[in-house]
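What follows is the content of protein02.csv, which has CSV, C-alpha atoms and all ligand atoms:
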chain,number,residue,atom,x,y,z
S,15,MET,CA,-1.0,-19.2,-7.4
S,16,PRO,CA,-1.4,-17.4,-10.8
S,17,GLU,CA,-4.8,-16.9,-12.4
S,18,LEU,CA,-5.7,-19.6,-14.8
S,19,LYS,CA,-8.1,-18.8,-17.6
S,20,ARG,CA,-9.7,-20.9,-20.2
S,21,GLU,CA,-12.5,-20.4,-22.7
S,22,VAL,CA,-15.7,-22.2,-22.1
S,23,LYS,CA,-19.1,-22.6,-23.8
S,24,SER,CA,-22.5,-22.6,-22.2
S,25,VAL,CA,-24.9,-25.5,-22.6
S,26,GLU,CA,-28.5,-25.6,-21.6
S,27,VAL,CA,-29.5,-28.7,-19.6
S,28,ASN,CA,-33.1,-29.8,-19.7
S,29,TYR,CA,-34.8,-32.8,-18.2
S,30,LEU,CA,-37.4,-34.5,-20.3
S,31,CYS,CA,-40.5,-35.7,-18.4
S,32,ASP,CA,-40.4,-39.3,-17.4
S,33,ALA,CA,-44.1,-39.6,-17.6
S,34,CYS,CA,-45.0,-38.2,-21.1
S,35,GLY,CA,-41.5,-38.0,-22.7
S,36,LYS,CA,-42.5,-34.8,-24.4
S,37,GLY,CA,-42.5,-32.0,-21.8
S,38,MET,CA,-39.6,-30.3,-20.1
S,39,MET,CA,-39.4,-30.3,-16.4
S,40,ALA,CA,-39.4,-26.9,-14.8
S,41,ARG,CA,-38.8,-25.9,-11.2
S,42,ALA,CA,-42.0,-25.5,-9.2
S,43,GLY,CA,-40.7,-24.3,-5.9
S,44,GLU,CA,-37.7,-23.3,-3.8
S,45,MET,CA,-35.0,-25.8,-2.8
S,46,ASP,CA,-35.4,-27.4,0.6
S,47,ARG,CA,-32.2,-26.3,2.3
S,48,GLN,CA,-32.1,-29.3,4.6
S,49,THR,CA,-32.7,-32.1,2.1
S,50,GLY,CA,-31.7,-30.4,-1.2
S,51,GLU,CA,-35.0,-31.4,-2.8
S,52,ILE,CA,-36.3,-29.3,-5.5
S,53,GLU,CA,-39.8,-29.8,-6.8
S,54,HIS,CA,-40.4,-29.8,-10.6
S,55,ARG,CA,-43.4,-30.1,-12.8
S,56,CYS,CA,-43.7,-31.1,-16.4
S,57,LEU,CA,-44.8,-28.2,-18.6
S,58,ILE,CA,-47.1,-30.4,-20.6
S,59,CYS,CA,-48.6,-33.1,-18.5
S,60,ASP,CA,-48.0,-31.6,-15.0
S,61,HIS,CA,-46.2,-34.7,-13.8
S,62,GLN,CA,-44.4,-33.9,-10.6
S,63,GLN,CA,-40.9,-35.0,-9.8
S,64,THR,CA,-38.3,-34.0,-7.1
S,65,PHE,CA,-34.7,-33.7,-7.9
S,66,LEU,CA,-31.9,-33.6,-5.4
S,67,TRP,CA,-29.6,-30.6,-5.6
S,68,SER,CA,-30.2,-30.1,-9.3
S,69,GLU,CA,-32.5,-27.7,-11.1
S,70,TYR,CA,-33.9,-27.7,-14.6
S,71,PRO,CA,-33.5,-26.0,-17.0
S,72,ARG,CA,-30.1,-24.8,-16.1
S,73,ILE,CA,-27.0,-23.5,-17.8
S,74,ASP,CA,-23.7,-25.4,-17.4
S,75,TYR,CA,-20.3,-24.3,-18.6
S,76,VAL,CA,-18.0,-26.8,-20.2
S,77,GLY,CA,-14.5,-26.4,-21.7
S,78,LEU,CA,-14.4,-26.2,-25.5
S,79,ASP,CA,-12.7,-29.6,-25.7
S,80,GLU,CA,-15.0,-31.3,-23.2
S,81,LYS,CA,-17.8,-33.6,-24.1
S,82,ILE,CA,-21.2,-32.3,-23.3
S,101,ZN,ZN,-44.9,-34.8,-18.9
Translate this file's structure into structure tokens.
Amino acid sequence: MPELKREVKSVEVNYLCDACGKGMMARAGEMDRQTGEIEHRCLICDHQQTFLWSEYPRIDYVGLDEKI
């Protein structure tokens, strides 16, 4: 198989706090390797939320012609 290259752009993905709607969620611990749970806390109101297999903030890469 030949190499396939394409140009991509990076996008920052944040999660806005469900409780206050103002703060960004930030990872507050390591991922549980068994369950995939990652604990996060709101930077403003300290609301706690657990995400499965996803971490915020993070950087994703998308093709230039892809929708974000
Ligand atoms: Zn909050």
| remark: Counting all atoms listed in the file, closest pick from S:Asp60, S:Phe65, S:Glu80, S:Glu51 relative to Met38 in chain S is S:Asp60
| Neighbour list for Arg20 in chain S as a PyMOL selection string, cut-off 12 Å, all atoms listed in the file, skip fewer than 5 positions in-chain | chain S and resi 75-79
| request: Please check which protein, DNA or RNA residues sit within 8 Å of ligand ZN 101 (chain S), counting only C-alpha atoms and all ligand atoms, and write them as number ranges by chain. | output: S: 30-39, 55-61
| request: Measure the distance from CA of Met45 in chain S to CA of Val25 in chain S in Å and round it to one decimal. | output: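 Atom-to-atom, CA of Met45 in chain S to CA of Val25 in chain S, that is 22.2 Å.
CA of Thr49 in chain S sits 14.7 Å away from CA of Gln63 in chain S.
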| note | The distance between CA of Lys81 in chain S and CA of Ile52 in chain S is 26.6 Å
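Of the listed residues S:Ser68, S:Glu17, S:Ile82, S:Gln62, the one whose atoms come nearest to Ala42 in chain S is S:Gln62, with distances taken using all atoms listed in the file.
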